[in-house]
>>> print(open('target.cif').read())   # mmCIF, C-alpha atoms
data_data
loop_
_atom_site.label_atom_id
_atom_site.label_comp_id
_atom_site.auth_asym_id
_atom_site.auth_seq_id
_atom_site.Cartn_x
_atom_site.Cartn_y
_atom_site.Cartn_z
CA MET A 1 11.27 -15.28 46.50
CA ALA A 2 10.89 -11.55 46.60
CA GLU A 3 7.67 -10.20 45.14
CA HIS A 4 7.04 -6.70 43.83
CA ASN A 5 3.66 -5.37 42.84
CA LEU A 6 3.79 -3.12 39.82
CA GLN A 7 2.03 0.14 40.47
CA HIS A 8 -0.97 0.51 38.18
CA ILE A 9 -0.71 3.62 36.06
CA ASP A 10 -3.82 4.79 34.28
CA LEU A 11 -2.75 6.26 30.95
CA ASN A 12 -5.91 8.34 31.03
CA ASP A 13 -4.14 10.39 33.69
CA TYR A 14 -1.67 11.50 31.01
CA PRO A 15 -3.66 13.32 28.33
CA HIS A 16 -0.47 14.24 26.50
CA ILE A 17 -0.06 10.59 25.43
CA ASN A 18 -1.56 10.08 21.99
CA LYS A 19 -1.86 6.37 21.29
CA GLY A 20 -0.82 5.62 17.75
CA LEU A 21 0.37 9.26 17.55
CA ASP A 22 -3.23 10.34 16.87
CA GLY A 23 -3.38 14.04 16.14
CA ILE A 24 0.38 14.55 16.42
CA VAL A 25 1.81 16.80 13.69
CA ALA A 26 5.46 15.89 13.22
CA PHE A 27 6.15 17.10 9.67
CA SER A 28 5.18 19.67 7.11
CA THR A 29 4.68 18.36 3.60
CA THR A 30 3.73 19.39 0.09
CA LYS A 31 2.97 15.82 -0.99
CA SER A 32 -0.64 15.38 0.06
CA PHE A 33 -3.46 16.93 2.05
CA ILE A 34 -6.34 15.00 3.60
CA ASN A 35 -9.52 16.44 5.09
CA GLY A 36 -11.04 13.52 6.93
CA GLN A 37 -14.28 15.33 7.68
CA THR A 38 -15.16 16.25 4.10
CA GLY A 39 -13.38 13.37 2.34
CA GLU A 40 -10.93 15.54 0.43
CA LEU A 41 -7.59 14.26 -0.90
CA ILE A 42 -4.99 16.45 -2.63
CA TYR A 43 -1.70 15.37 -4.24
CA SER A 44 0.74 18.31 -4.48
CA GLY A 45 -2.05 20.77 -5.23
CA TYR A 46 -4.30 18.57 -7.40
CA HIS A 47 -7.57 17.04 -6.22
CA ILE A 48 -7.69 13.26 -6.47
CA ASP A 49 -10.77 13.51 -8.74
CA THR A 50 -8.82 15.70 -11.18
CA LEU A 51 -5.93 13.26 -11.23
CA ALA A 52 -8.17 10.20 -11.50
CA ASP A 53 -9.92 11.69 -14.51
CA ASN A 54 -6.83 13.00 -16.30
CA ALA A 55 -3.45 11.82 -15.03
CA THR A 56 -1.36 8.75 -15.72
CA PHE A 57 0.67 7.06 -13.01
CA GLU A 58 3.87 8.38 -14.55
CA GLU A 59 2.54 11.94 -14.37
CA VAL A 60 1.67 11.39 -10.71
CA CYS A 61 5.19 10.13 -10.02
CA PHE A 62 6.67 13.28 -11.54
CA LEU A 63 4.15 15.43 -9.65
CA LEU A 64 4.99 13.91 -6.27
CA TRP A 65 8.73 14.05 -6.91
CA ASN A 66 8.73 17.64 -8.21
CA ASP A 67 5.56 19.27 -6.84
CA ARG A 68 4.43 20.12 -10.37
CA LEU A 69 3.15 18.35 -13.45
CA PRO A 70 5.68 17.51 -16.17
CA LYS A 71 5.99 19.15 -19.54
CA ASN A 72 5.65 16.81 -22.52
CA SER A 73 9.42 16.53 -22.91
CA GLU A 74 9.87 15.79 -19.19
CA LEU A 75 7.16 13.15 -19.22
CA GLU A 76 8.70 11.49 -22.25
CA GLU A 77 12.11 11.49 -20.56
CA LEU A 78 10.63 9.87 -17.43
CA HIS A 79 8.91 7.22 -19.55
CA LYS A 80 12.21 6.37 -21.23
CA LYS A 81 14.07 6.11 -17.92
CA LEU A 82 11.41 3.86 -16.42
CA GLN A 83 11.31 1.68 -19.53
CA SER A 84 15.10 1.29 -19.68
CA ASN A 85 15.35 0.29 -16.00
CA ARG A 86 12.73 -2.47 -15.86
CA GLU A 87 15.00 -5.50 -16.14
CA LEU A 88 16.19 -6.99 -12.85
CA PRO A 89 19.81 -7.72 -11.97
CA GLU A 90 20.51 -11.42 -12.58
CA PRO A 91 21.07 -12.30 -8.87
CA VAL A 92 17.71 -10.74 -7.95
CA LEU A 93 15.98 -12.65 -10.74
CA ASN A 94 17.69 -15.86 -9.60
CA TYR A 95 16.46 -15.27 -6.05
CA ILE A 96 12.90 -14.91 -7.33
CA LYS A 97 13.21 -18.09 -9.42
CA THR A 98 14.63 -20.17 -6.58
CA THR A 99 12.79 -18.93 -3.51
CA ASP A 100 10.02 -21.01 -1.94
CA LYS A 101 7.01 -20.97 -4.26
CA ASN A 102 4.76 -20.78 -1.19
CA ALA A 103 6.50 -17.68 0.14
CA GLU A 104 4.33 -14.71 0.97
CA PRO A 105 4.54 -12.34 -2.02
CA MET A 106 5.12 -9.23 0.10
CA ALA A 107 8.03 -10.96 1.83
CA VAL A 108 9.57 -11.67 -1.58
CA VAL A 109 9.07 -8.06 -2.69
CA ARG A 110 10.63 -6.80 0.53
CA SER A 111 13.69 -9.03 0.13
CA ALA A 112 14.12 -8.34 -3.58
CA VAL A 113 13.91 -4.56 -3.12
CA SER A 114 16.54 -4.78 -0.38
CA MET A 115 18.79 -6.72 -2.79
CA LEU A 116 18.47 -4.02 -5.45
CA ALA A 117 20.70 -1.76 -3.35
CA ASP A 118 23.68 -3.99 -4.17
CA PHE A 119 23.40 -3.30 -7.88
CA VAL A 120 23.15 0.47 -8.16
CA ASP A 121 26.00 2.72 -9.11
CA SER A 122 27.53 4.41 -6.07
CA ASN A 123 27.12 7.71 -7.90
CA SER A 124 23.39 7.23 -8.52
CA SER A 125 21.25 10.08 -7.28
CA ASP A 126 18.21 9.58 -5.07
CA LEU A 127 16.04 10.33 -8.09
CA ASP A 128 17.86 7.64 -10.08
CA ASN A 129 17.19 5.18 -7.26
CA ALA A 130 13.53 6.19 -7.07
CA ILE A 131 13.15 5.56 -10.80
CA THR A 132 14.93 2.20 -10.50
CA MET A 133 12.59 0.95 -7.77
CA THR A 134 9.50 2.32 -9.50
CA ALA A 135 10.53 0.51 -12.69
CA GLN A 136 11.60 -2.78 -11.09
CA ILE A 137 9.00 -3.47 -8.40
CA PRO A 138 6.40 -4.39 -11.07
CA THR A 139 8.94 -6.79 -12.59
CA ILE A 140 9.60 -8.37 -9.19
CA ILE A 141 5.89 -8.97 -8.57
CA ALA A 142 5.13 -10.39 -12.01
CA ALA A 143 8.26 -12.55 -12.08
CA PHE A 144 7.50 -14.14 -8.72
CA ASP A 145 3.88 -14.83 -9.59
CA ARG A 146 4.87 -16.58 -12.81
CA ALA A 147 7.75 -18.46 -11.16
CA ARG A 148 5.57 -19.81 -8.36
CA ASN A 149 3.04 -21.00 -10.94
CA GLU A 150 5.81 -22.67 -12.96
CA LYS A 151 5.35 -20.34 -15.90
CA GLU A 152 8.11 -18.79 -17.94
CA ILE A 153 9.09 -15.36 -16.62
CA VAL A 154 8.21 -12.65 -19.12
CA THR A 155 10.92 -10.14 -20.00
CA PRO A 156 9.69 -6.56 -19.54
CA LEU A 157 8.96 -4.43 -22.58
CA LYS A 158 11.09 -1.47 -23.61
CA ASP A 159 8.01 0.63 -24.27
CA GLY A 160 4.49 1.16 -22.92
CA SER A 161 3.23 2.43 -19.60
CA THR A 162 3.95 0.95 -16.18
CA ALA A 163 0.40 -0.41 -16.02
CA PHE A 164 0.55 -1.94 -19.52
CA ASN A 165 3.93 -3.55 -18.91
CA PHE A 166 2.93 -4.99 -15.52
CA LEU A 167 -0.17 -6.70 -16.92
CA TYR A 168 1.86 -7.92 -19.89
CA MET A 169 4.52 -9.47 -17.63
CA LEU A 170 1.90 -10.92 -15.27
CA ASN A 171 -0.33 -12.55 -17.89
CA GLY A 172 2.08 -13.12 -20.77
CA GLU A 173 -0.06 -11.19 -23.23
CA GLU A 174 -0.71 -7.56 -24.02
CA PRO A 175 -3.66 -6.12 -22.10
CA GLY A 176 -6.52 -4.26 -23.73
CA GLN A 177 -7.04 -0.54 -23.31
CA ALA A 178 -9.72 -0.98 -20.63
CA ALA A 179 -7.51 -3.24 -18.51
CA GLU A 180 -4.53 -0.89 -18.86
CA ARG A 181 -6.60 2.13 -17.87
CA THR A 182 -8.05 0.26 -14.90
CA MET A 183 -4.61 -0.74 -13.68
CA ASP A 184 -3.23 2.76 -14.25
CA LEU A 185 -6.09 4.36 -12.31
CA CYS A 186 -5.52 2.00 -9.39
CA LEU A 187 -1.87 3.07 -9.32
CA VAL A 188 -2.88 6.75 -9.34
CA LEU A 189 -5.36 6.27 -6.48
CA HIS A 190 -2.87 4.42 -4.24
CA ALA A 191 0.20 6.58 -4.94
CA GLU A 192 0.20 8.79 -1.86
CA HIS A 193 -1.79 9.23 1.32
CA GLY A 194 -0.15 11.36 3.95
CA MET A 195 1.58 10.19 7.11
CA ASN A 196 0.43 6.58 7.18
CA ALA A 197 2.43 3.83 8.91
CA SER A 198 4.63 2.94 5.92
CA THR A 199 5.36 6.55 4.97
CA PHE A 200 6.22 7.36 8.59
CA THR A 201 8.55 4.36 8.60
CA CYS A 202 10.21 5.55 5.40
CA ARG A 203 10.77 9.03 6.79
CA SER A 204 12.01 7.68 10.12
CA ILE A 205 14.67 5.59 8.38
CA CYS A 206 15.60 8.51 6.13
CA SER A 207 15.99 10.71 9.19
CA THR A 208 18.90 8.52 10.36
CA GLU A 209 20.64 9.38 7.06
CA SER A 210 20.26 5.83 5.84
CA ASP A 211 19.81 5.15 2.11
CA MET A 212 16.61 5.13 0.06
CA PHE A 213 16.61 1.35 -0.46
CA SER A 214 16.68 0.81 3.31
CA ALA A 215 13.87 3.31 3.81
CA VAL A 216 11.68 1.71 1.14
CA THR A 217 12.41 -1.80 2.44
CA GLY A 218 11.21 -0.67 5.86
CA ALA A 219 8.13 0.92 4.32
CA ILE A 220 7.29 -2.34 2.55
CA GLY A 221 7.58 -4.16 5.87
CA ALA A 222 5.08 -1.73 7.40
CA LEU A 223 2.71 -1.98 4.42
CA LYS A 224 2.74 -5.77 4.70
CA GLY A 225 0.64 -5.67 7.87
CA PRO A 226 -3.10 -6.47 7.59
CA LEU A 227 -4.07 -3.21 9.33
CA HIS A 228 -2.32 -1.24 6.58
CA GLY A 229 -1.73 -2.56 3.07
CA GLY A 230 -2.99 -6.09 3.68
CA ALA A 231 -6.58 -5.02 4.12
CA ASN A 232 -7.63 -5.40 0.47
CA THR A 233 -6.49 -9.03 0.45
CA ALA A 234 -8.56 -9.59 3.60
CA VAL A 235 -11.58 -8.00 1.88
CA MET A 236 -11.33 -10.39 -1.06
CA ASN A 237 -10.90 -13.38 1.23
CA THR A 238 -14.07 -12.32 3.04
CA LEU A 239 -16.00 -12.18 -0.23
CA LEU A 240 -14.62 -15.56 -1.28
CA LYS A 241 -15.69 -17.02 2.06
CA LEU A 242 -19.18 -15.70 1.43
CA LYS A 243 -19.05 -17.30 -2.03
CA GLU A 244 -18.44 -20.68 -0.41
CA GLN A 245 -22.02 -20.55 0.91
CA GLY A 246 -23.22 -21.00 -2.65
CA GLU A 247 -26.87 -20.28 -3.38
CA HIS A 248 -27.48 -19.59 0.30
CA ALA A 249 -25.00 -16.70 0.34
CA ASP A 250 -26.59 -13.64 1.94
CA PRO A 251 -24.20 -10.69 2.37
CA VAL A 252 -26.51 -8.92 4.81
CA VAL A 253 -26.84 -11.88 7.16
CA PHE A 254 -23.14 -12.67 6.69
CA THR A 255 -22.15 -9.14 7.70
CA LYS A 256 -24.50 -8.96 10.66
CA ASP A 257 -23.29 -12.33 11.94
CA LYS A 258 -19.69 -11.11 11.85
CA LEU A 259 -20.67 -7.95 13.70
CA ASP A 260 -22.55 -9.99 16.32
CA ARG A 261 -19.37 -12.01 16.87
CA LYS A 262 -17.42 -8.76 17.28
CA GLU A 263 -15.28 -9.63 14.25
CA LYS A 264 -13.54 -6.85 12.38
CA ILE A 265 -14.77 -6.42 8.81
CA MET A 266 -11.86 -5.27 6.70
CA GLY A 267 -12.31 -2.50 4.15
CA PHE A 268 -14.44 -0.28 6.37
CA GLY A 269 -13.50 2.73 8.43
CA HIS A 270 -10.34 4.79 8.32
CA ARG A 271 -8.08 6.43 10.87
CA VAL A 272 -8.40 9.76 9.04
CA TYR A 273 -11.62 9.75 7.01
CA LYS A 274 -14.85 10.12 8.94
CA THR A 275 -16.82 9.94 5.73
CA PHE A 276 -16.65 8.10 2.40
CA ASP A 277 -13.05 7.64 1.25
CA PRO A 278 -12.78 9.79 -1.92
CA ARG A 279 -10.66 7.13 -3.64
CA ALA A 280 -13.40 4.56 -3.04
CA TYR A 281 -15.83 6.49 -5.27
CA HIS A 282 -13.65 5.84 -8.32
CA LEU A 283 -13.00 2.21 -7.40
CA ARG A 284 -16.70 1.68 -6.75
CA LYS A 285 -17.56 2.66 -10.31
CA MET A 286 -14.74 0.55 -11.71
CA SER A 287 -15.87 -2.38 -9.60
CA LYS A 288 -19.38 -2.16 -11.02
CA ASP A 289 -18.27 -1.86 -14.64
CA LEU A 290 -15.65 -4.61 -14.42
CA ALA A 291 -17.91 -6.99 -12.53
CA GLU A 292 -20.52 -6.68 -15.25
CA GLU A 293 -17.96 -7.20 -18.03
CA THR A 294 -16.27 -10.20 -16.45
CA GLY A 295 -19.24 -12.08 -15.01
CA HIS A 296 -18.51 -11.16 -11.40
CA GLN A 297 -21.58 -8.98 -10.93
CA TYR A 298 -22.51 -10.93 -7.80
CA LEU A 299 -19.32 -9.66 -6.12
CA TYR A 300 -20.30 -6.07 -6.80
CA GLU A 301 -23.86 -6.67 -5.59
CA TRP A 302 -22.61 -8.35 -2.43
CA SER A 303 -20.20 -5.46 -1.87
CA GLU A 304 -22.99 -2.90 -2.14
CA ALA A 305 -25.14 -4.91 0.26
CA MET A 306 -22.27 -5.01 2.77
CA VAL A 307 -21.71 -1.25 2.38
CA LYS A 308 -25.38 -0.55 3.17
CA THR A 309 -25.39 -2.96 6.10
CA MET A 310 -22.26 -1.44 7.63
CA LYS A 311 -23.70 2.04 7.21
CA ASP A 312 -27.03 1.03 8.77
CA GLU A 313 -25.53 -0.97 11.61
CA LYS A 314 -22.35 0.94 12.44
CA ASN A 315 -22.50 4.17 10.41
CA ILE A 316 -19.13 3.25 8.89
CA ASP A 317 -18.18 3.91 5.27
CA PRO A 318 -15.88 1.84 3.03
CA ASN A 319 -12.26 2.79 2.46
CA VAL A 320 -10.00 2.43 -0.58
CA ASP A 321 -9.36 -1.25 0.11
CA PHE A 322 -12.96 -2.39 -0.07
CA PHE A 323 -13.73 -1.90 -3.74
CA SER A 324 -10.14 -2.31 -4.95
CA ALA A 325 -10.39 -5.98 -3.99
CA THR A 326 -13.20 -6.63 -6.48
CA VAL A 327 -11.46 -4.55 -9.15
CA TYR A 328 -8.25 -6.60 -8.94
CA TYR A 329 -10.14 -9.90 -8.80
CA SER A 330 -12.18 -8.98 -11.87
CA ILE A 331 -9.03 -8.41 -13.95
CA GLY A 332 -7.60 -11.77 -12.88
CA ILE A 333 -5.11 -10.78 -10.17
CA GLN A 334 -4.72 -13.22 -7.28
CA PRO A 335 -5.73 -11.86 -3.83
CA ASP A 336 -2.32 -12.40 -2.26
CA LEU A 337 -0.80 -9.98 -4.80
CA TYR A 338 -3.06 -7.06 -3.89
CA THR A 339 -0.73 -5.61 -1.26
CA CYS A 340 2.19 -5.95 -3.68
CA ILE A 341 0.33 -3.78 -6.17
CA PHE A 342 -0.24 -1.29 -3.38
CA ALA A 343 3.55 -1.15 -2.92
CA MET A 344 4.03 -0.85 -6.69
CA SER A 345 2.00 2.35 -6.57
CA ARG A 346 3.04 3.75 -3.17
CA ILE A 347 6.74 3.66 -4.11
CA SER A 348 6.05 7.05 -5.70
CA GLY A 349 4.80 8.54 -2.45
CA TRP A 350 7.45 6.90 -0.27
CA THR A 351 10.29 8.20 -2.38
CA ALA A 352 8.71 11.65 -2.57
CA HIS A 353 8.63 11.78 1.22
CA PHE A 354 12.23 10.56 1.33
CA PHE A 355 13.24 13.55 -0.82
CA GLU A 356 11.28 15.88 1.45
CA GLN A 357 12.68 14.46 4.70
CA LYS A 358 16.26 14.55 3.44
CA ALA A 359 15.93 18.16 2.27
CA ASN A 360 15.06 19.37 5.77
CA ASN A 361 16.13 16.56 8.02
CA ARG A 362 15.89 16.15 11.74
CA LEU A 363 16.33 12.78 13.44
CA ILE A 364 12.91 11.41 14.41
CA ARG A 365 13.04 10.63 18.12
CA PRO A 366 9.70 10.60 19.97
CA ARG A 367 9.55 9.83 23.69
CA ALA A 368 7.67 7.17 25.63
CA LEU A 369 6.19 7.42 29.13
CA TYR A 370 7.80 4.81 31.37
CA THR A 371 5.13 3.02 33.43
CA GLY A 372 7.23 0.37 35.18
CA GLU A 373 8.83 0.11 38.62
CA LYS A 374 11.99 2.03 39.54
CA ASN A 375 15.06 1.27 41.65
CA LEU A 376 14.17 -2.34 42.49
CA PRO A 377 16.58 -4.10 44.85
CA TRP A 378 18.84 -6.74 43.31
CA VAL A 379 18.00 -10.31 44.34
CA PRO A 380 20.54 -13.10 43.74
CA ALA A 381 19.42 -15.75 41.21
CA GLU A 382 19.14 -18.53 43.81
CA GLU A 383 16.73 -16.43 45.89
CA ARG A 384 14.35 -15.32 43.10
#
>>> encode(input="target.cif", output="structure tokens")
Amino acid sequence: MAEHNLQHIDLNDYPHINKGLDGIVAFSTTKSFINGQTGELIYSGYHIDTLADNATFEEVCFLLWNDRLPKNSELEELHKKLQSNRELPEPVLNYIKTTDKNAEPMAVVRSAVSMLADFVDSNSSDLDNAITMTAQIPTIIAAFDRARNEKEIVTPLKDGSTAFNFLYMLNGEEPGQAAERTMDLCLVLHAEHGMNASTFTCRSICSTESDMFSAVTGAIGALKGPLHGGANTAVMNTLLKLKEQGEHADPVVFTKDKLDRKEKIMGFGHRVYKTFDPRAYHLRKMSKDLAEETGHQYLYEWSEAMVKTMKDEKNIDPNVDFFSATVYYSIGIQPDLYTCIFAMSRISGWTAHFFEQKANNRLIRPRALYTGEKNLPWVPAEER
């Protein structure tokens, strides 16, 4: 048998290779700006703090799609379009009712969004399609959660905000003002965040001149991964594992033990931010307030202890996922739905980037450095 030793190639000899595309600027955009050193986040000209304090999710959708805030009449028109498009096509609803009740929620969302493409008018504009997905993804999530728990699926309302309607469909009762505002703020904070893995996927698919539903389906697939959108579910599972220790639960010891075992602690660190994630400030306050109101104060206290320990031991700050886990748990949302809610919000950013890519398109085609052998001699099968 012929043997060939592969030549070892040290990638450090090729400084032009940026693993994970670190530092590579491939696009210009008006959708968001991130300063990782100072912890600054801008959506289409507006600081995240300004939007968190003042904007609704619907206003943020309009802002990202149009690079400006809507007038009252424009906002009202968007509300009406979202409200009138919430109901799912019957085949999509039947799929949700009949799929495996143990299916991973993000897999169901991915499949259902892909199916939506079959039920849009061929003359629908990209904006029409963006509105359809923004309106129907909340319905998909709520319908599946109720179906898997053998509860009657709640028909979406013809009025109210996206946040209000989602909580209504999920729980079968109208939410209070505090719960609606909490949900709405979470949607605002997760709406857009630069050239992350799912947004890059969306733009890559768009660059082939494929349709918006294909691009968003691909983005959902990227978001599904635990290193991207799945991190907040992992954070909550970590806290629940700590809870299993009962009265002996010690978040400091728990965190240090995980670090000693070289285990990754989800919800800390960020590929861009080298300081405190600006979105985490708002979620941190919400986490504290909600934990106190709902009897989950221990979760907030454990979270703060873990934040201090990670800062002391590793000088790493929390990201948006860390406190969002406690926020969602405190308003009664199951951990395996957290990434779905991320998608429910990020649809606004994905579709905004789709518009931007399509308006000035160039096929995305990076290169890879080949590190294998070349021109090997052919050896017949019986001699290998």
>>> closest_residue(input="target.cif", among="A:Met310, A:Leu283, A:Leu290, A:Leu116", to="Asp257 of chain A", atoms="all atoms listed in the file")
A:Met310
>>> resolve_selection(input="target.cif", expression="the PyMOL selection byres ((chain A and resi 355) around 10)", output="ChimeraX atom specification")
/A:64-66,126-127,130,203,206,212,349-354,356-361
>>> atom_distance(input="target.cif", atom1="atom CA of Pro156 of chain A", atom2="atom CA of Leu170 of chain A")
9.9 Å
>>> resolve_selection(input="target.cif", expression="the PyMOL selection byres ((chain A and resi 85-98) around 9)", output="PyMOL selection string")
chain A and resi 80-84+99-101+108+112-113+115-116+119+131-140+143-144+147-148+153+155-158
>>> closest_residue(input="target.cif", among="A:Ala381, A:Ile34, A:Leu227, A:Leu189", to="Lys264 of chain A", atoms="only C-alpha atoms")
A:Leu227
>>> resolve_selection(input="target.cif", expression="the PyMOL selection byres ((chain A and resi 38) around 12)", output="number ranges by chain")
A: 33-37, 39-41, 272-278
>>> atom_distance(input="target.cif", atom1="atom CA of His270 of chain A", atom2="atom CA of Asn315 of chain A")
12.4 Å
>>> closest_residue(input="target.cif", among="A:Ile265, A:Leu239, A:Leu363, A:Ala215", to="Ala117 of chain A", atoms="all atoms listed in the file")
A:Ala215
>>> axis_aligned_box(input="target.cif", around="segment 370-380 of chain A", padding_each_side="6 Å", output="lines of an AutoDock Vina configuration file")
center_x = 12.8
center_y = -4.1
center_z = 38.1
size_x = 27.4
size_y = 29.9
size_z = 25.5
>>> closest_residue(input="target.cif", among="A:Glu383, A:Glu293, A:Asp128, A:Asp49", to="Leu185 of chain A", atoms="only C-alpha atoms")
A:Asp49
>>> atom_distance(input="target.cif", atom1="atom CA of Asp312 of chain A", atom2="atom CA of Lys256 of chain A")
10.5 Å
>>> closest_residue(input="target.cif", among="A:Ser73, A:Tyr168, A:Phe268, A:Leu187", to="Val60 of chain A", atoms="all atoms listed in the file")
A:Leu187
>>> closest_residue(input="target.cif", among="A:Leu167, A:Ala291, A:Val253, A:Ala368", to="Gly20 of chain A", atoms="all atoms listed in the file")
A:Ala368
>>> residues_around(input="target.cif", residues="His190 of chain A", least_positions_apart="2", cutoff="8 Å", atoms="all atoms listed in the file", output="PyMOL selection string")
chain A and resi 186-188+192-193+342+345-346
>>> write_last_selection(input="target.cif", atoms="C-alpha atoms", output="PDB file, in the frame of the given file")
ATOM      1  CA  CYS A 186      -5.520   2.000  -9.390  1.00  0.00           C
ATOM      2  CA  LEU A 187      -1.870   3.070  -9.320  1.00  0.00           C
ATOM      3  CA  VAL A 188      -2.880   6.750  -9.340  1.00  0.00           C
ATOM      4  CA  GLU A 192       0.200   8.790  -1.860  1.00  0.00           C
ATOM      5  CA  HIS A 193      -1.790   9.230   1.320  1.00  0.00           C
ATOM      6  CA  PHE A 342      -0.240  -1.290  -3.380  1.00  0.00           C
ATOM      7  CA  SER A 345       2.000   2.350  -6.570  1.00  0.00           C
ATOM      8  CA  ARG A 346       3.040   3.750  -3.170  1.00  0.00           C
TER       9      ARG A 346
END
>>> residues_around(input="target.cif", residues="Asn171 of chain A", least_positions_apart="2", cutoff="12 Å", atoms="only C-alpha atoms", output="mmCIF file with C-alpha atoms, keeping the file's coordinate frame")
data_model
loop_
_atom_site.group_PDB
_atom_site.id
_atom_site.type_symbol
_atom_site.label_atom_id
_atom_site.label_comp_id
_atom_site.auth_asym_id
_atom_site.auth_seq_id
_atom_site.Cartn_x
_atom_site.Cartn_y
_atom_site.Cartn_z
ATOM 1 C CA ILE A 141 5.890 -8.970 -8.570
ATOM 2 C CA ALA A 142 5.130 -10.390 -12.010
ATOM 3 C CA ALA A 143 8.260 -12.550 -12.080
ATOM 4 C CA ASP A 145 3.880 -14.830 -9.590
ATOM 5 C CA ARG A 146 4.870 -16.580 -12.810
ATOM 6 C CA ASN A 149 3.040 -21.000 -10.940
ATOM 7 C CA LYS A 151 5.350 -20.340 -15.900
ATOM 8 C CA GLU A 152 8.110 -18.790 -17.940
ATOM 9 C CA ILE A 153 9.090 -15.360 -16.620
ATOM 10 C CA VAL A 154 8.210 -12.650 -19.120
ATOM 11 C CA THR A 155 10.920 -10.140 -20.000
ATOM 12 C CA PRO A 156 9.690 -6.560 -19.540
ATOM 13 C CA PHE A 164 0.550 -1.940 -19.520
ATOM 14 C CA ASN A 165 3.930 -3.550 -18.910
ATOM 15 C CA PHE A 166 2.930 -4.990 -15.520
ATOM 16 C CA LEU A 167 -0.170 -6.700 -16.920
ATOM 17 C CA TYR A 168 1.860 -7.920 -19.890
ATOM 18 C CA MET A 169 4.520 -9.470 -17.630
ATOM 19 C CA GLU A 173 -0.060 -11.190 -23.230
ATOM 20 C CA GLU A 174 -0.710 -7.560 -24.020
ATOM 21 C CA PRO A 175 -3.660 -6.120 -22.100
ATOM 22 C CA GLY A 176 -6.520 -4.260 -23.730
ATOM 23 C CA ALA A 179 -7.510 -3.240 -18.510
ATOM 24 C CA ILE A 331 -9.030 -8.410 -13.950
ATOM 25 C CA GLY A 332 -7.600 -11.770 -12.880
ATOM 26 C CA ILE A 333 -5.110 -10.780 -10.170
ATOM 27 C CA GLN A 334 -4.720 -13.220 -7.280
#
>>> residues_near_point(input="target.cif", point="(-1.5, 28.2, -4.7)", cutoff="12 Å", atoms="only C-alpha atoms", output="list in words")
Thr30, Ser44, Gly45, Tyr46, Asp67 and Arg68 of chain A
>>> residues_around(input="target.cif", residues="segment 195-198 of chain A", least_positions_apart="6", cutoff="8 Å", atoms="all atoms listed in the file", output="ChimeraX atom specification")
/A:218-223,228,350
>>> decode(input="target.cif", residues="segment 147-159 of chain A", atoms="N, CA and C atoms", output="PDB file, in the first residue's frame")
ATOM      1  N   ALA A 147     -49.119  23.416  21.010  1.00  0.00           N
ATOM      2  CA  ALA A 147     -49.414  22.101  20.434  1.00  0.00           C
ATOM      3  C   ALA A 147     -48.635  21.000  21.148  1.00  0.00           C
ATOM      4  N   ARG A 148     -47.365  21.245  21.432  1.00  0.00           N
ATOM      5  CA  ARG A 148     -46.555  20.207  22.067  1.00  0.00           C
ATOM      6  C   ARG A 148     -46.979  19.952  23.514  1.00  0.00           C
ATOM      7  N   ASN A 149     -47.643  20.937  24.111  1.00  0.00           N
ATOM      8  CA  ASN A 149     -48.153  20.786  25.470  1.00  0.00           C
ATOM      9  C   ASN A 149     -49.636  20.416  25.493  1.00  0.00           C
ATOM     10  N   GLU A 150     -50.136  20.011  24.317  1.00  0.00           N
ATOM     11  CA  GLU A 150     -51.516  19.557  24.156  1.00  0.00           C
ATOM     12  C   GLU A 150     -52.527  20.601  24.627  1.00  0.00           C
ATOM     13  N   LYS A 151     -52.228  21.846  24.292  1.00  0.00           N
ATOM     14  CA  LYS A 151     -53.142  22.945  24.568  1.00  0.00           C
ATOM     15  C   LYS A 151     -53.719  23.448  23.251  1.00  0.00           C
ATOM     16  N   GLU A 152     -54.885  24.027  23.332  1.00  0.00           N
ATOM     17  CA  GLU A 152     -55.514  24.575  22.128  1.00  0.00           C
ATOM     18  C   GLU A 152     -54.690  25.742  21.595  1.00  0.00           C
ATOM     19  N   ILE A 153     -54.445  25.742  20.296  1.00  0.00           N
ATOM     20  CA  ILE A 153     -53.686  26.831  19.675  1.00  0.00           C
ATOM     21  C   ILE A 153     -54.540  28.093  19.669  1.00  0.00           C
ATOM     22  N   VAL A 154     -53.942  29.191  20.085  1.00  0.00           N
ATOM     23  CA  VAL A 154     -54.650  30.461  20.206  1.00  0.00           C
ATOM     24  C   VAL A 154     -54.543  31.244  18.903  1.00  0.00           C
ATOM     25  N   THR A 155     -55.676  31.644  18.370  1.00  0.00           N
ATOM     26  CA  THR A 155     -55.697  32.450  17.146  1.00  0.00           C
ATOM     27  C   THR A 155     -55.145  33.841  17.440  1.00  0.00           C
ATOM     28  N   PRO A 156     -54.258  34.363  16.591  1.00  0.00           N
ATOM     29  CA  PRO A 156     -53.693  35.687  16.856  1.00  0.00           C
ATOM     30  C   PRO A 156     -54.738  36.789  16.814  1.00  0.00           C
ATOM     31  N   LEU A 157     -54.473  37.835  17.559  1.00  0.00           N
ATOM     32  CA  LEU A 157     -55.364  38.989  17.612  1.00  0.00           C
ATOM     33  C   LEU A 157     -55.211  39.851  16.360  1.00  0.00           C
ATOM     34  N   LYS A 158     -56.208  40.636  16.080  1.00  0.00           N
ATOM     35  CA  LYS A 158     -56.171  41.568  14.950  1.00  0.00           C
ATOM     36  C   LYS A 158     -55.754  42.971  15.409  1.00  0.00           C
ATOM     37  N   ASP A 159     -55.348  43.082  16.652  1.00  0.00           N
ATOM     38  CA  ASP A 159     -54.865  44.369  17.150  1.00  0.00           C
ATOM     39  C   ASP A 159     -53.739  44.113  18.142  1.00  0.00           C
TER      40      ASP A 159
END
